Amino acid sequence: MPVIRLMTLDDYPTVLQLMQQTPGISIRDADSAEATARYLARNPGLSFVAECDGQIVGCVMSGHDGRRGYLQHLLVLPAYRRQGLARRLVDACIAELARQGIAKTHLDVFRSNTAAQSFWDKQGWQRREDICRYSFISSGNSQA
């Protein structure tokens with residue numbers, strides 16, 4: 001049975017490799033080691049990995065802005081799916097966010113990632129059709 005533990009920056013190379021191997025996960029400059037270090041430092045105790053026999057088999061990153069929580073990069077290796085592991089990872093984030101006073105959490109899913117959409121629908125998350133997400137990239141780098 002995989003164990004859930006806090007993600008550390010030492011986990012970054014393995015987590016990046018998992019992200020690169022997972023369809024539907026987009027890797028940007030904001031996923032660099034430096035950016036991940038800032039994210040983990042700004043959001044201590046809110047990102048988790050699932051580990052089985054010393055191997056990372058899943059991860060999720062989360063943080064908050066003081067009002068709302070945000071989940072990012074939830075993934076589980078195919079051999080470990082359909083065992084409730086993704087739910088355990090999410091539950092760890094939601095529990096810690098709640099402990100920090102954050103009652104509402106958001107996440108983004110690419111429209112093309114129908115498998116992720118199905119997962120979140122089955123988990124009881126509310127799909128929002130009433131808002132549009134806008135992004136602005138100050139650096140001009142489309143991979144930011």
# chains A, B, ... in the order shown; residues from 1 in each chain; ligands from 1

call {"tool": "residues_around", "arguments": {"residues": "range 2-15 of chain A", "least_positions_apart": "3", "cutoff": "10 Å", "atoms": "only C-alpha atoms", "output": "number ranges by chain"}}
result
A: 18-21, 31-34, 36-41, 44-61, 73, 75, 80, 83, 85, 88-89, 92-93

call {"tool": "residues_around", "arguments": {"residues": "range 120-135 of chain A", "least_positions_apart": "6", "cutoff": "12 Å", "atoms": "only C-alpha atoms", "output": "CSV table (one decimal) with N, CA and C atoms, in the first residue's frame"}}
result
chain,number,residue,atom,x,y,z
A,71,LEU,N,-5.3,23.2,-6.6
A,71,LEU,CA,-4.6,21.9,-6.8
A,71,LEU,C,-3.9,22.0,-8.2
A,74,LEU,N,-2.0,16.8,-10.3
A,74,LEU,CA,-2.3,15.5,-9.7
A,74,LEU,C,-2.1,14.4,-10.7
A,84,GLY,N,-7.7,4.2,-5.4
A,84,GLY,CA,-8.0,5.3,-4.5
A,84,GLY,C,-6.9,6.2,-4.1
A,86,ALA,N,-5.3,8.6,-6.0
A,86,ALA,CA,-5.5,10.0,-6.3
A,86,ALA,C,-6.4,10.6,-5.3
A,87,ARG,N,-7.4,9.9,-4.9
A,87,ARG,CA,-8.3,10.5,-3.9
A,87,ARG,C,-7.6,10.7,-2.5
A,88,ARG,N,-6.7,9.8,-2.2
A,88,ARG,CA,-5.9,10.0,-0.9
A,88,ARG,C,-5.0,11.2,-1.0
A,90,VAL,N,-5.5,13.9,-2.9
A,90,VAL,CA,-6.4,15.1,-2.9
A,90,VAL,C,-6.9,15.3,-1.5
A,91,ASP,N,-7.3,14.2,-0.8
A,91,ASP,CA,-7.8,14.4,0.6
A,91,ASP,C,-6.7,15.0,1.5
A,104,LYS,N,-12.5,26.5,0.2
A,104,LYS,CA,-12.9,26.3,-1.2
A,104,LYS,C,-11.6,26.1,-2.0
A,105,THR,N,-11.6,25.1,-2.9
A,105,THR,CA,-10.4,24.8,-3.7
A,105,THR,C,-10.7,24.7,-5.1
A,106,HIS,N,-9.9,25.3,-6.0
A,106,HIS,CA,-10.1,25.2,-7.5
A,106,HIS,C,-9.0,24.4,-8.1
A,107,LEU,N,-9.2,24.0,-9.3
A,107,LEU,CA,-8.2,23.3,-10.2
A,107,LEU,C,-8.6,23.6,-11.6
A,108,ASP,N,-7.6,23.5,-12.5
A,108,ASP,CA,-7.8,23.6,-13.9
A,108,ASP,C,-7.5,22.3,-14.6
A,109,VAL,N,-8.4,22.0,-15.6
A,109,VAL,CA,-8.2,20.8,-16.4
A,109,VAL,C,-8.3,21.2,-17.9
A,110,PHE,N,-7.4,20.8,-18.7
A,110,PHE,CA,-7.4,21.1,-20.1
A,110,PHE,C,-8.7,20.5,-20.7
A,111,ARG,N,-9.4,21.2,-21.6
A,111,ARG,CA,-10.6,20.7,-22.2
A,111,ARG,C,-10.3,19.4,-22.9
A,113,ASN,N,-8.4,17.0,-21.9
A,113,ASN,CA,-8.1,16.0,-21.0
A,113,ASN,C,-9.4,15.4,-20.4
A,114,THR,N,-10.0,14.6,-21.2
A,114,THR,CA,-11.3,14.0,-20.8
A,114,THR,C,-11.2,13.0,-19.7
A,142,SER,N,5.7,32.3,-24.0
A,142,SER,CA,4.5,31.5,-24.0
A,142,SER,C,4.6,30.2,-23.1
A,144,ALA,N,5.8,30.2,-20.1
A,144,ALA,CA,5.9,30.7,-18.7
A,144,ALA,C,4.9,29.9,-17.8

call {"tool": "select_by_dssp", "arguments": {"residues": "range 24-114 of chain A", "states": "strand (DSSP E or B)", "output": "list of chain:residue names"}}
result
A:Phe48, A:Val49, A:Ala50, A:Glu51, A:Cys52, A:Gln55, A:Ile56, A:Val57, A:Gly58, A:Cys59, A:Val60, A:Met61, A:Ser62, A:Gly63, A:His64, A:Gly69, A:Tyr70, A:Leu71, A:Gln72, A:His73, A:Leu74, A:Leu75, A:Val76, A:Thr105, A:His106, A:Leu107
